[in-house]
Every structure is written in C-alpha cells, then in structure tokens.
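Colleague: Below is data_20.tsv; it holds TSV, C-alpha atoms (C1' of nucleotides).
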chain	number	residue	atom	x	y	z
A	1	MET	CA	216.31	45.96	23.04
A	2	ILE	CA	213.23	44.64	24.83
A	3	LEU	CA	210.09	44.66	22.73
A	4	THR	CA	206.85	43.88	24.56
A	5	ARG	CA	203.77	43.01	22.61
A	6	LEU	CA	200.89	45.39	23.02
A	7	ALA	CA	198.12	43.73	25.00
A	8	PRO	CA	194.88	43.16	23.09
A	9	GLY	CA	192.45	45.91	23.98
A	10	SER	CA	195.17	48.42	24.77
A	11	LEU	CA	194.49	50.57	21.70
A	12	PRO	CA	191.42	52.73	21.06
A	13	ASP	CA	188.99	51.86	18.25
A	14	ASP	CA	188.31	55.51	17.45
A	15	THR	CA	190.29	56.44	14.36
A	16	GLN	CA	191.65	59.80	15.48
A	17	LEU	CA	192.49	58.55	18.97
A	18	LEU	CA	194.18	55.50	17.45
A	19	ALA	CA	196.24	57.66	15.10
A	20	GLN	CA	197.59	59.50	18.15
A	21	ALA	CA	197.97	56.44	20.36
A	22	LEU	CA	200.10	54.71	17.73
A	23	LEU	CA	202.74	57.45	17.91
A	24	GLY	CA	205.61	56.06	19.95
A	25	CYS	CA	204.51	52.44	19.55
A	26	VAL	CA	206.86	50.07	17.75
A	27	LEU	CA	206.02	48.22	14.55
A	28	VAL	CA	207.84	44.88	14.49
A	29	ARG	CA	208.44	42.66	11.48
A	30	ASP	CA	209.82	39.16	11.95
A	31	SER	CA	210.88	37.40	8.77
A	32	ASP	CA	213.50	34.96	7.48
A	33	ASP	CA	215.84	37.92	7.05
A	34	GLY	CA	215.66	38.67	10.78
A	35	LEU	CA	213.90	41.18	12.96
A	36	THR	CA	213.26	44.71	11.78
A	37	ALA	CA	211.43	47.30	13.85
A	38	GLY	CA	210.77	51.01	14.04
A	39	ARG	CA	209.10	53.51	16.30
A	40	ILE	CA	205.97	55.06	14.76
A	41	VAL	CA	206.45	58.82	14.47
A	42	GLU	CA	203.85	59.89	11.89
A	43	THR	CA	200.30	58.74	11.11
A	44	GLU	CA	197.20	59.87	9.24
A	45	ALA	CA	193.55	59.17	10.11
A	46	TYR	CA	191.15	58.09	7.35
A	47	LEU	CA	187.65	58.24	8.77
A	48	SER	CA	184.46	56.52	7.76
A	49	ASN	CA	182.43	58.99	5.66
A	50	ASP	CA	185.72	60.58	4.60
A	51	PRO	CA	186.01	61.03	0.80
A	52	ALA	CA	189.77	60.42	1.05
A	53	CYS	CA	189.31	57.05	2.78
A	54	HIS	CA	189.54	53.91	0.63
A	55	ALA	CA	186.37	52.67	2.31
A	56	TYR	CA	184.35	55.69	1.17
A	57	ARG	CA	182.95	54.04	-1.97
A	58	GLY	CA	182.06	50.84	-0.24
A	59	ARG	CA	183.61	47.49	0.36
A	60	SER	CA	185.75	45.80	-2.29
A	61	GLU	CA	188.25	42.97	-2.41
A	62	ARG	CA	191.12	45.38	-1.83
A	63	ASN	CA	189.72	47.33	1.11
A	64	ALA	CA	187.82	44.54	2.89
A	65	THR	CA	190.18	44.67	5.88
A	66	LEU	CA	189.13	48.24	6.63
A	67	PHE	CA	185.59	46.96	7.20
A	68	GLY	CA	186.68	44.16	9.51
A	69	PRO	CA	187.61	44.31	13.21
A	70	PRO	CA	189.94	47.07	14.42
A	71	HIS	CA	193.72	46.70	14.80
A	72	ARG	CA	194.35	44.52	11.76
A	73	SER	CA	196.92	45.27	9.09
A	74	TYR	CA	195.52	46.86	5.93
A	75	VAL	CA	198.14	46.82	3.14
A	76	TYR	CA	197.60	48.04	-0.39
A	77	GLN	CA	199.78	48.80	-3.40
A	78	ILE	CA	199.99	52.26	-4.97
A	79	TYR	CA	201.55	53.59	-8.19
A	80	GLY	CA	202.45	50.08	-9.19
A	81	ARG	CA	205.53	50.07	-7.02
A	82	SER	CA	204.91	51.01	-3.39
A	83	PHE	CA	202.95	49.44	-0.58
A	84	CYS	CA	201.27	51.36	2.22
A	85	PHE	CA	200.60	49.99	5.71
A	86	ASN	CA	197.54	50.91	7.77
A	87	VAL	CA	195.93	49.82	11.01
A	88	SER	CA	192.18	49.23	10.72
A	89	SER	CA	189.97	51.13	13.15
A	90	GLU	CA	186.38	51.39	14.37
A	91	ALA	CA	184.01	48.51	15.09
A	92	ASP	CA	183.54	45.53	12.78
A	93	GLY	CA	181.46	46.68	9.81
A	94	GLU	CA	182.70	50.27	9.77
A	95	GLY	CA	185.36	51.17	7.20
A	96	ALA	CA	188.20	53.33	8.54
A	97	GLY	CA	191.89	53.14	9.31
A	98	VAL	CA	195.18	54.83	10.15
A	99	LEU	CA	198.02	55.14	7.63
A	100	VAL	CA	201.51	54.84	9.11
A	101	ARG	CA	203.67	57.36	7.25
A	102	ALA	CA	207.06	57.12	8.97
A	103	LEU	CA	209.11	55.12	11.44
A	104	GLU	CA	212.24	55.89	13.40
A	105	PRO	CA	214.44	52.86	12.59
A	106	LEU	CA	215.24	50.87	15.74
A	107	GLU	CA	216.20	47.30	14.99
A	108	GLY	CA	217.66	45.47	11.98
A	109	LEU	CA	219.00	48.56	10.25
A	110	ASP	CA	221.38	46.59	8.07
A	111	VAL	CA	218.55	44.37	6.84
A	112	MET	CA	216.61	47.54	6.06
A	113	ARG	CA	219.57	48.96	4.14
A	114	ARG	CA	219.81	45.82	2.05
A	115	ARG	CA	216.09	45.84	1.27
A	116	ARG	CA	216.03	49.55	0.49
A	117	GLY	CA	219.32	49.80	-1.35
A	118	VAL	CA	220.30	52.97	0.50
A	119	GLN	CA	222.70	53.66	3.36
A	120	ALA	CA	221.39	56.74	5.12
A	121	THR	CA	219.43	55.83	8.24
A	122	ARG	CA	217.16	58.79	7.66
A	123	ASP	CA	216.03	57.39	4.29
A	124	LEU	CA	215.14	53.89	5.50
A	125	CYS	CA	211.59	54.39	6.82
A	126	ARG	CA	210.75	58.02	6.02
A	127	GLY	CA	207.57	57.65	3.95
A	128	PRO	CA	204.78	55.07	3.74
A	129	GLY	CA	206.26	53.24	0.75
A	130	ARG	CA	209.79	53.29	2.11
A	131	LEU	CA	208.87	51.83	5.48
A	132	CYS	CA	207.02	48.98	3.81
A	133	GLN	CA	210.07	48.21	1.70
A	134	ALA	CA	212.35	48.40	4.75
A	135	LEU	CA	210.14	46.00	6.72
A	136	ALA	CA	209.21	43.80	3.73
A	137	ILE	CA	205.51	44.50	4.15
A	138	ASP	CA	203.36	43.55	1.17
A	139	ARG	CA	199.85	42.38	0.41
A	140	SER	CA	200.55	38.96	1.88
A	141	LEU	CA	200.42	40.65	5.29
A	142	ASP	CA	197.04	42.26	4.69
A	143	GLY	CA	194.49	41.37	7.34
A	144	VAL	CA	196.75	40.02	10.07
A	145	ASP	CA	195.87	40.67	13.72
A	146	LEU	CA	198.53	43.09	14.97
A	147	PHE	CA	198.13	41.87	18.57
A	148	ALA	CA	198.59	38.22	17.68
A	149	ASP	CA	200.53	37.74	14.46
A	150	ARG	CA	204.08	36.39	14.65
A	151	SER	CA	205.34	38.11	11.48
A	152	LEU	CA	203.95	41.59	11.97
A	153	TRP	CA	202.94	43.02	15.34
A	154	LEU	CA	202.90	46.06	17.59
A	155	ALA	CA	205.05	46.60	20.66
A	156	ALA	CA	204.54	48.98	23.54
A	157	SER	CA	205.84	52.48	23.16
A	158	ILE	CA	209.40	53.10	24.16
A	159	GLY	CA	211.40	56.16	25.03
A	160	ARG	CA	209.92	59.55	25.62
A	161	ARG	CA	206.18	60.07	25.35
A	162	ALA	CA	205.53	61.58	21.94
A	163	ARG	CA	204.63	65.27	21.81
A	164	VAL	CA	201.81	65.07	19.31
A	165	ARG	CA	201.25	67.74	16.70
A	166	ARG	CA	198.83	67.74	13.79
A	167	SER	CA	198.56	69.11	10.27
A	168	ARG	CA	196.64	68.50	7.09
A	169	ARG	CA	197.22	65.19	5.32
A	170	ILE	CA	199.86	64.69	2.63
A	171	GLY	CA	199.44	63.61	-0.98
A	172	ILE	CA	195.67	63.72	-1.34
A	173	SER	CA	193.44	66.06	-3.29
A	174	VAL	CA	190.02	65.51	-1.69
A	175	ALA	CA	189.26	66.58	1.88
A	176	ALA	CA	192.84	67.83	1.97
A	177	HIS	CA	192.08	70.64	4.40
A	178	ARG	CA	191.21	68.34	7.29
A	179	ARG	CA	193.93	68.24	9.91
A	180	LEU	CA	194.17	64.48	10.31
A	181	ARG	CA	197.93	63.97	10.13
A	182	PHE	CA	199.62	63.37	13.48
A	183	TYR	CA	203.33	63.42	14.14
A	184	GLU	CA	205.86	63.64	16.90
A	185	ALA	CA	207.14	67.17	17.25
A	186	GLY	CA	210.76	67.59	16.29
A	187	ASN	CA	211.39	64.02	15.22
A	188	PRO	CA	213.99	63.90	12.42
A	189	TYR	CA	212.41	60.88	10.70
A	190	LEU	CA	209.19	62.53	9.51
A	191	SER	CA	208.12	62.05	5.89
A	192	GLY	CA	206.96	65.55	5.15
A	193	PRO	CA	207.15	69.18	6.09
A	194	VAL	CA	206.69	69.89	9.75
A	195	ARG	CA	204.56	72.89	9.05
A	196	LEU	CA	201.69	72.42	6.58
A	197	SER	CA	198.77	74.78	6.98
A	198	PRO	CA	198.02	76.21	10.40
A	199	ALA	CA	199.15	73.77	13.03
B	1	DA	C1'	187.85	44.64	-22.69
B	2	DG	C1'	189.68	49.15	-22.10
B	3	DG	C1'	190.61	53.55	-19.75
B	4	DA	C1'	191.49	56.44	-15.71
B	5	DT	C1'	193.45	56.91	-11.28
B	6	DG	C1'	196.56	56.98	-7.34
B	7	DA	C1'	197.24	57.81	1.02
B	8	DT	C1'	204.65	57.43	-3.67
B	9	DC	C1'	209.48	57.57	-4.83
B	10	DG	C1'	213.64	58.68	-7.11
B	11	DT	C1'	215.74	61.75	-10.15
B	12	DC	C1'	216.56	66.01	-12.20
B	13	DT	C1'	216.79	71.17	-12.29
C	1	DG	C1'	209.81	72.30	-6.85
C	2	DA	C1'	208.53	69.41	-10.84
C	3	DC	C1'	208.07	65.21	-13.44
C	4	DG	C1'	207.37	60.52	-14.91
C	5	DA	C1'	207.49	55.50	-13.89
C	6	DT	C1'	204.32	51.60	-13.46
C	7	DC	C1'	200.46	48.41	-12.42
C	8	DA	C1'	196.64	46.86	-9.24
C	9	DT	C1'	192.24	48.26	-8.78
C	10	DC	C1'	187.96	50.15	-9.96
C	11	DC	C1'	184.57	51.89	-13.13
C	12	DT	C1'	182.27	52.10	-17.54
C	13	DC	C1'	181.03	50.12	-21.86
Starting from the file, give its structure as structure tokens.
Modeller:
Amino acid sequence: MILTRLAPGSLPDDTQLLAQALLGCVLVRDSDDGLTAGRIVETEAYLSNDPACHAYRGRSERNATLFGPPHRSYVYQIYGRSFCFNVSSEADGEGAGVLVRALEPLEGLDVMRRRRGVQATRDLCRGPGRLCQALAIDRSLDGVDLFADRSLWLAASIGRRARVRRSRRIGISVAAHRRLRFYEAGNPYLSGPVRLSPA
DNA sequence: AGGATGATCGTCT
DNA sequence: GACGATCATCCTC
C-alpha cells in the first residue's frame, strides 16, 4: 500500500473543517514493531470557548499542545488506563483540537492484534483508547508535528471520499447537545451508535 | 497533602 | 444497558 505524506498546509486550521477533512486521511505509526496505520473514520471537534474542551480552563502542562500551532499531536491519558489522540487546531495561541475516535485498520494488523490482545479486526481501532493502544500512541508522542514526524504522521486520504455525517459527541456531560461528532456514513469501524440525536 | 474527576474499556447481566 | 477499575491531572486547603 502506498502511503503519501500529507503536504504541510493541506489541512484547514478551523476546528470543525479539520474534523471533517481528517475523515478518510490515514494515521501512520512507525515504530520498532513495524508500521501500523488506519483510515480515520470518526472524529470530534473541541472548540475554543467550548466547556467540553480541555483548553477551556486555560493552559496547563497537560494541554499545552492545544495552545500551540495547528496540526500537532495532542495525547493525554484518561481513566488511568487509556490514551486519547487529538490533532491540534486553530492558530498558535488558541486552544482547540480534534479527537480521533476510530480508525479502519489498514496496515500492520497483526502488530495491532498483539498490542491489543484481541483478534477481531473490528475491535482493533474502534474507540479512542483502543486505537492508541493498537498504534502504541502514548504521551511520549504528544506535541509532534504530524506533517514532519517520522514516528507519527498523516497520509493522504485513500479510497472513496468519505460521506460525512454528524451527531452529538460521545461520553461527555457538558455541552453534550452540540453536534460536533463527524463520521463516515455506513463505515463498520465506528466507535458508537450511528444515530445519536437528530442527525 | 488530599480529594474529585474523567473526550474509556472490558466484563457482566 | 450498567458498573467498576485505576491514576494523571487539577483544584482546594
């Protein structure tokens, strides 16, 4: 499979546009274990001035990447066990980002199976914590430039152009009504229900 | 220094 | 559908 790096400047800074543009792009992880990669099929936008966004209460050591330049990797740990991967958005100084919630596994499936401890392809990258485990993404990859890094980077979209649908976001209690989750219609590797609130 | 919280996951019913 | 694990992070004292 041919994976072509996304050219710098080829993604929008705007958080909602970025969340949609990322659908269909490929997230690539190169490590000692080999290459693992998946097609992004589900994202969520976390805006500046959004009570659900980690940046909402100001800059801290954890969320500093959100306030930096766009298109860097923001990785944080949740519930003591899982990591979540985001792409920073908006201009330098503004805190916002896009959570990647699910990938369609493309490359290195056996490595993913070993890391995840499960066999079913559908369970490898379906969910923000699962995809980080499958791609061995942790806090050491926080802040890397996704156009330039050699361990974690984005490749141009492959296959069909994603038919984008939207719904409310999953797993949050504040600002939960906002329809800021984006996903590819009909894709079998989505993390959550296809129909949440009026779509 | 201590307590509350969480952009989840796996297991059980 | 519901529940509890588990700990980094943040906030308050």
Colleague: Do a neighbour search on B:DG2 at 12 Å with all atoms listed in the file, toss out local chain neighbours closer than 2 positions, and write the hits as a list in words.
Modeller: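 Contacts, in chain order: DA4 of chain B; DC11, DT12 and DC13 of chain C.
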Colleague: Which residue is closest to C:DT6? Choose from A:Asp110, A:Ser82, A:Arg122, A:Ala162 and count all atoms listed in the file.
Modeller: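 Closest to C:DT6, using all atoms listed in the file: A:Ser82.
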Colleague: Any idea what the distance is between atom CA of A:Gly24 and atom CA of A:Ser191?
Modeller: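 Rounded to one decimal, the two atoms are 15.5 Å apart.
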Colleague: Tell me which protein, DNA and RNA residues are within 7 Å of A:Glu104, counting all atoms listed in the file, leaving out same-chain ones fewer than 4 positions away, and put them as a PyMOL selection string.
Modeller: chain A and resi 38-41+125+189
Colleague: Give me, as a PyMOL selection string, the contact residues of chain A against chain B at a cut-off of 10 Å, counting all atoms listed in the file.
Modeller: chain A and resi 44-46+52-54+76-86+98-101+127-130+169-172
Colleague: Any idea what the distance is between atom CA of A:Leu152 and atom CA of A:Val28?
Modeller: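 About the pair atom CA of A:Leu152 and atom CA of A:Val28: they are 5.7 Å apart.
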Colleague: Please, what distance in Å, to one decimal, runs between atom CA of A:Arg179 and atom CA of A:Phe67?
Modeller: 23.0 Å
Colleague: Give as JSON, numbers by chain every residue of chain C that touches chain A within 12 Å, counting only C-alpha atoms (C1' of nucleotides).
Modeller: {"C": [4, 5, 6, 7, 8, 9, 10, 11]}
Colleague: With all atoms listed in the file as the counted atoms, please give the residues lying no more than 12 Å from A:Glu90, apart from itself and same-chain residues fewer than 5 positions off, as a list in words.
Modeller: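 Skipping anything fewer than 5 positions along the chain leaves Leu11, Pro12, Asp13, Asp14, Thr15, Gln16, Leu17, Leu18, Ala19, Ala45, Tyr46, Leu47, Ser48, Thr65, Leu66, Phe67, Gly68, Pro69, Pro70, His71, Arg72, Gly95, Ala96, Gly97 and Val98 of chain A.
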Colleague: Reconstruct all heavy atoms of stretch 136-147 of chain A; output as a JSON list (two decimals), in the coordinates of the input.
Modeller:
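Written output follows (selection-v7.json):
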[["chain", "number", "residue", "atom", "x", "y", "z"],
["A", 136, "ALA", "N", 209.74, 44.88, 4.59],
["A", 136, "ALA", "CA", 209.21, 43.80, 3.73],
["A", 136, "ALA", "C", 207.74, 43.54, 4.01],
["A", 136, "ALA", "O", 207.31, 42.41, 4.26],
["A", 136, "ALA", "CB", 210.03, 42.51, 3.90],
["A", 137, "ILE", "N", 206.96, 44.60, 3.97],
["A", 137, "ILE", "CA", 205.51, 44.50, 4.15],
["A", 137, "ILE", "C", 204.86, 44.57, 2.77],
["A", 137, "ILE", "O", 205.09, 45.52, 2.03],
["A", 137, "ILE", "CB", 204.99, 45.64, 5.03],
["A", 137, "ILE", "CG1", 205.54, 45.52, 6.46],
["A", 137, "ILE", "CG2", 203.46, 45.66, 5.04],
["A", 137, "ILE", "CD1", 205.23, 46.72, 7.35],
["A", 138, "ASP", "N", 204.10, 43.54, 2.43],
["A", 138, "ASP", "CA", 203.36, 43.55, 1.17],
["A", 138, "ASP", "C", 201.96, 43.00, 1.40],
["A", 138, "ASP", "O", 201.56, 42.76, 2.54],
["A", 138, "ASP", "CB", 204.11, 42.78, 0.07],
["A", 138, "ASP", "CG", 204.30, 41.32, 0.43],
["A", 138, "ASP", "OD1", 203.50, 40.78, 1.22],
["A", 138, "ASP", "OD2", 205.25, 40.70, -0.08],
["A", 139, "ARG", "N", 201.26, 42.78, 0.31],
["A", 139, "ARG", "CA", 199.85, 42.38, 0.41],
["A", 139, "ARG", "C", 199.66, 41.05, 1.13],
["A", 139, "ARG", "O", 198.56, 40.76, 1.62],
["A", 139, "ARG", "CB", 199.23, 42.27, -0.99],
["A", 139, "ARG", "CG", 198.45, 43.50, -1.40],
["A", 139, "ARG", "CD", 196.94, 43.19, -1.60],
["A", 139, "ARG", "NE", 196.10, 43.90, -0.65],
["A", 139, "ARG", "CZ", 194.78, 43.75, -0.58],
["A", 139, "ARG", "NH1", 194.14, 42.96, -1.38],
["A", 139, "ARG", "NH2", 194.09, 44.40, 0.33],
["A", 140, "SER", "N", 200.71, 40.24, 1.19],
["A", 140, "SER", "CA", 200.55, 38.96, 1.88],
["A", 140, "SER", "C", 200.33, 39.17, 3.37],
["A", 140, "SER", "O", 199.88, 38.26, 4.07],
["A", 140, "SER", "CB", 201.79, 38.07, 1.65],
["A", 140, "SER", "OG", 202.91, 38.59, 2.34],
["A", 141, "LEU", "N", 200.62, 40.36, 3.87],
["A", 141, "LEU", "CA", 200.42, 40.65, 5.29],
["A", 141, "LEU", "C", 199.14, 41.43, 5.53],
["A", 141, "LEU", "O", 198.88, 41.88, 6.65],
["A", 141, "LEU", "CB", 201.63, 41.44, 5.83],
["A", 141, "LEU", "CG", 202.91, 40.60, 5.93],
["A", 141, "LEU", "CD1", 204.12, 41.49, 6.22],
["A", 141, "LEU", "CD2", 202.76, 39.55, 7.02],
["A", 142, "ASP", "N", 198.32, 41.58, 4.51],
["A", 142, "ASP", "CA", 197.04, 42.26, 4.69],
["A", 142, "ASP", "C", 196.12, 41.41, 5.56],
["A", 142, "ASP", "O", 196.02, 40.20, 5.38],
["A", 142, "ASP", "CB", 196.37, 42.48, 3.32],
["A", 142, "ASP", "CG", 195.00, 43.11, 3.44],
["A", 142, "ASP", "OD1", 194.94, 44.30, 3.80],
["A", 142, "ASP", "OD2", 193.99, 42.42, 3.19],
["A", 143, "GLY", "N", 195.49, 42.06, 6.53],
["A", 143, "GLY", "CA", 194.49, 41.37, 7.34],
["A", 143, "GLY", "C", 194.98, 40.72, 8.61],
["A", 143, "GLY", "O", 194.16, 40.21, 9.38],
["A", 144, "VAL", "N", 196.28, 40.71, 8.86],
["A", 144, "VAL", "CA", 196.75, 40.02, 10.07],
["A", 144, "VAL", "C", 196.40, 40.82, 11.33],
["A", 144, "VAL", "O", 196.32, 42.05, 11.32],
["A", 144, "VAL", "CB", 198.27, 39.74, 10.04],
["A", 144, "VAL", "CG1", 198.67, 39.03, 8.76],
["A", 144, "VAL", "CG2", 199.08, 40.99, 10.25],
["A", 145, "ASP", "N", 196.19, 40.09, 12.41],
["A", 145, "ASP", "CA", 195.87, 40.67, 13.72],
["A", 145, "ASP", "C", 197.16, 41.18, 14.35],
["A", 145, "ASP", "O", 198.05, 40.40, 14.67],
["A", 145, "ASP", "CB", 195.22, 39.59, 14.59],
["A", 145, "ASP", "CG", 194.85, 40.09, 15.97],
["A", 145, "ASP", "OD1", 195.33, 41.17, 16.38],
["A", 145, "ASP", "OD2", 194.08, 39.39, 16.65],
["A", 146, "LEU", "N", 197.26, 42.49, 14.53],
["A", 146, "LEU", "CA", 198.53, 43.09, 14.97],
["A", 146, "LEU", "C", 198.82, 42.85, 16.45],
["A", 146, "LEU", "O", 199.90, 43.17, 16.93],
["A", 146, "LEU", "CB", 198.53, 44.59, 14.66],
["A", 146, "LEU", "CG", 198.57, 44.87, 13.14],
["A", 146, "LEU", "CD1", 198.25, 46.33, 12.86],
["A", 146, "LEU", "CD2", 199.93, 44.50, 12.56],
["A", 147, "PHE", "N", 197.86, 42.29, 17.19],
["A", 147, "PHE", "CA", 198.13, 41.87, 18.57],
["A", 147, "PHE", "C", 198.63, 40.43, 18.63],
["A", 147, "PHE", "O", 199.21, 40.02, 19.63],
["A", 147, "PHE", "CB", 196.85, 41.96, 19.41],
["A", 147, "PHE", "CG", 196.39, 43.37, 19.68],
["A", 147, "PHE", "CD1", 195.09, 43.74, 19.43],
["A", 147, "PHE", "CD2", 197.26, 44.31, 20.20],
["A", 147, "PHE", "CE1", 194.65, 45.03, 19.68],
["A", 147, "PHE", "CE2", 196.83, 45.61, 20.46],
["A", 147, "PHE", "CZ", 195.53, 45.96, 20.19]]
